[in-house]
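Read the structure below first, then the notes.
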Amino acid sequence: MKSGTIKLQSVKPEEPGSIPQGDPARKLLDVRMSRTKGSAHTFEKVRHELAMMPYLGTYDFISFTLVDSDVILTGWTVRDTNRGEAYNRVKLIEGVDKIVNNIEVLPLGSADNQIRAGARARLQRWLPRYFWGNGSDIKILVKNGKILLLGTVATQEDSDIAKIQCNTVPLSFGVYNLLRVAPPADKAKS
């Protein structure tokens with residue numbers, strides 16, 4: 001845990017019989033369903049609708065899984081209205097039958113808010129190229145004093161700097177660095 005990675009001590013398998021028939025979670029656990037037949041058009045519409053949500057910022061991360069015609073919404077947000085907005089946008093999309101809304105609303109306690117502001121200030125100072133306007137390429141999620149970093153950075157050094165800077169934020173209990181390192185595409189090769 002000190003390195004910001006998660007190590008599982010034990011794993012308890014989920015019994016398929018405990019998941020109701022027709023539940024999208026059952027489809028995700030069934031290996032035969034790993035390649036679903038969800039429509040590419042529906043996938044793109046869901047992705048687009050979620051990307052166009054007006055009040056998603058640095059402290060929000062919303063994603064989805066399309067299983068056939070069922071959508072499973074996941075992620076975290078600091079605004080309860082974002083949770084409902086995501087659900088309402090997706091339910092209007094043609095081709096979506098069921099929606100499971102697993103978006104968690106993060107606590108807005110003063111300590112967590114101070115940690116959010118402190119982490120953003122440090123990251124903006126040391127890695128300004130990932131921050132633009134009200135948004136950023138780095139998502140800072142804080143729950144009960146723990147910081148989770150999501151997004152994409154260009155180098156391993158940037159990922160390390162982000163973790164080091166967030167480790168110095170007062171009141172925080174730890175940093176989970178899940179930043180993906182993906183160098184920018186070389187436009188000359190295109």
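A note on labels: chains of the structure tokens are A, B, ... as shown, every chain counts residues from 1, and ligands are counted from 1 in their shown order.
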
So which bits of range 38-68 of chain A end up strand (DSSP E) when you DSSP the backbone, as an mmCIF file with C-alpha atoms, in the first residue's frame?
data_model
loop_
_atom_site.group_PDB
_atom_site.id
_atom_site.type_symbol
_atom_site.label_atom_id
_atom_site.label_comp_id
_atom_site.auth_asym_id
_atom_site.auth_seq_id
_atom_site.Cartn_x
_atom_site.Cartn_y
_atom_site.Cartn_z
ATOM 1 C CA PHE A 61 -14.784 10.315 -13.484
ATOM 2 C CA ILE A 62 -17.688 8.544 -15.185
ATOM 3 C CA SER A 63 -17.368 5.501 -17.433
ATOM 4 C CA PHE A 64 -19.629 2.761 -18.741
ATOM 5 C CA THR A 65 -19.768 -0.793 -19.985
ATOM 6 C CA LEU A 66 -22.110 -1.878 -22.770
ATOM 7 C CA VAL A 67 -23.296 -5.467 -22.441
#

Got a sec: who's within 7 Å of range 45-56 of chain A, counting only C-alpha atoms, leaving out chain neighbours fewer than 2 positions off, as an MDAnalysis selection string? chainID A and resid 41:43 60 86 89:90

Deliver the residues from the most recent selection as a file, using N, CA and C atoms, as a JSON list (two decimals), in the first residue's frame.
[["chain", "number", "residue", "atom", "x", "y", "z"],
["A", 41, "HIS", "N", -22.73, 1.62, -32.80],
["A", 41, "HIS", "CA", -23.47, 2.88, -32.85],
["A", 41, "HIS", "C", -23.97, 3.26, -31.45],
["A", 42, "THR", "N", -24.54, 2.29, -30.74],
["A", 42, "THR", "CA", -25.04, 2.54, -29.39],
["A", 42, "THR", "C", -23.88, 2.92, -28.46],
["A", 43, "PHE", "N", -22.78, 2.20, -28.58],
["A", 43, "PHE", "CA", -21.59, 2.49, -27.76],
["A", 43, "PHE", "C", -21.15, 3.93, -27.98],
["A", 60, "ASP", "N", -14.31, 14.47, -11.09],
["A", 60, "ASP", "CA", -15.33, 13.50, -11.51],
["A", 60, "ASP", "C", -14.74, 12.55, -12.54],
["A", 86, "ALA", "N", -26.26, 11.57, -15.85],
["A", 86, "ALA", "CA", -25.71, 10.47, -16.66],
["A", 86, "ALA", "C", -26.81, 9.44, -16.95],
["A", 89, "ARG", "N", -29.43, 10.90, -19.45],
["A", 89, "ARG", "CA", -28.92, 11.01, -20.82],
["A", 89, "ARG", "C", -28.90, 9.65, -21.51],
["A", 90, "VAL", "N", -28.47, 8.63, -20.78],
["A", 90, "VAL", "CA", -28.33, 7.30, -21.37],
["A", 90, "VAL", "C", -29.69, 6.66, -21.63]]

Neighbouring residues of range 159-166 of chain A were defined as those with any atom within 10 Å, considering only C-alpha atoms; residues of the same chain fewer than 5 positions away were excluded. Please report them as a PDB file with C-alpha atoms, in the first residue's frame.
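Once everything was written out, this is result-v1.pdb:
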ATOM      1  CA  SER A   3       3.825   2.392  -3.046  1.00  0.00           C
ATOM      2  CA  GLY A   4       0.308   3.410  -4.062  1.00  0.00           C
ATOM      3  CA  ILE A 115      -7.340  17.589  -0.137  1.00  0.00           C
ATOM      4  CA  ARG A 116      -8.919  18.035  -3.594  1.00  0.00           C
ATOM      5  CA  GLY A 118      -4.360  20.914  -2.451  1.00  0.00           C
ATOM      6  CA  ALA A 119      -3.800  18.061  -4.890  1.00  0.00           C
ATOM      7  CA  ARG A 120      -4.992  20.112  -7.856  1.00  0.00           C
ATOM      8  CA  ALA A 121      -2.805  23.079  -6.860  1.00  0.00           C
ATOM      9  CA  ARG A 122       0.294  20.894  -6.583  1.00  0.00           C
ATOM     10  CA  LEU A 123      -0.379  19.055  -9.832  1.00  0.00           C
ATOM     11  CA  GLN A 124      -1.162  22.284 -11.669  1.00  0.00           C
ATOM     12  CA  ARG A 125       2.123  23.762 -10.482  1.00  0.00           C
ATOM     13  CA  TRP A 126       4.294  20.767 -11.386  1.00  0.00           C
ATOM     14  CA  LEU A 127       2.380  19.384 -14.392  1.00  0.00           C
ATOM     15  CA  ILE A 138      -5.717  14.005 -14.709  1.00  0.00           C
ATOM     16  CA  ILE A 140      -8.357  13.659  -8.814  1.00  0.00           C
ATOM     17  CA  ILE A 147      -6.538  10.206  -3.269  1.00  0.00           C
ATOM     18  CA  LEU A 148      -7.060   8.233  -6.483  1.00  0.00           C
ATOM     19  CA  LEU A 149      -5.390   9.571  -9.635  1.00  0.00           C
ATOM     20  CA  GLY A 151      -6.168   9.677 -16.533  1.00  0.00           C
ATOM     21  CA  THR A 152      -3.322   9.618 -19.001  1.00  0.00           C
ATOM     22  CA  VAL A 153       0.124  11.209 -18.852  1.00  0.00           C
ATOM     23  CA  ALA A 154       2.901  11.237 -21.451  1.00  0.00           C
ATOM     24  CA  SER A 172      -4.421  12.931   2.910  1.00  0.00           C
ATOM     25  CA  GLY A 174      -2.503   7.922   0.802  1.00  0.00           C
ATOM     26  CA  VAL A 175      -2.350   8.074  -2.970  1.00  0.00           C
ATOM     27  CA  TYR A 176      -3.416   5.392  -5.435  1.00  0.00           C
ATOM     28  CA  ASN A 177      -1.745   6.258  -8.700  1.00  0.00           C
ATOM     29  CA  LEU A 178      -3.645   4.664 -11.598  1.00  0.00           C
ATOM     30  CA  LEU A 179      -2.373   7.106 -14.208  1.00  0.00           C
ATOM     31  CA  ARG A 180      -1.824   5.459 -17.569  1.00  0.00           C
ATOM     32  CA  VAL A 181       1.416   6.312 -19.385  1.00  0.00           C
TER      33      VAL A 181
END

For Asn102 in chain A, which of A:Arg129, A:Arg83, A:Lys12, A:Lys146 is the closest residue, counting only C-alpha atoms? A:Arg83

Enumerate the residues of chain A with a DSSP assignment of alpha helix (DSSP H), computed from the backbone, and present them as a ChimeraX atom specification. /A:24-29,40-51,80-91,110-126,156-167
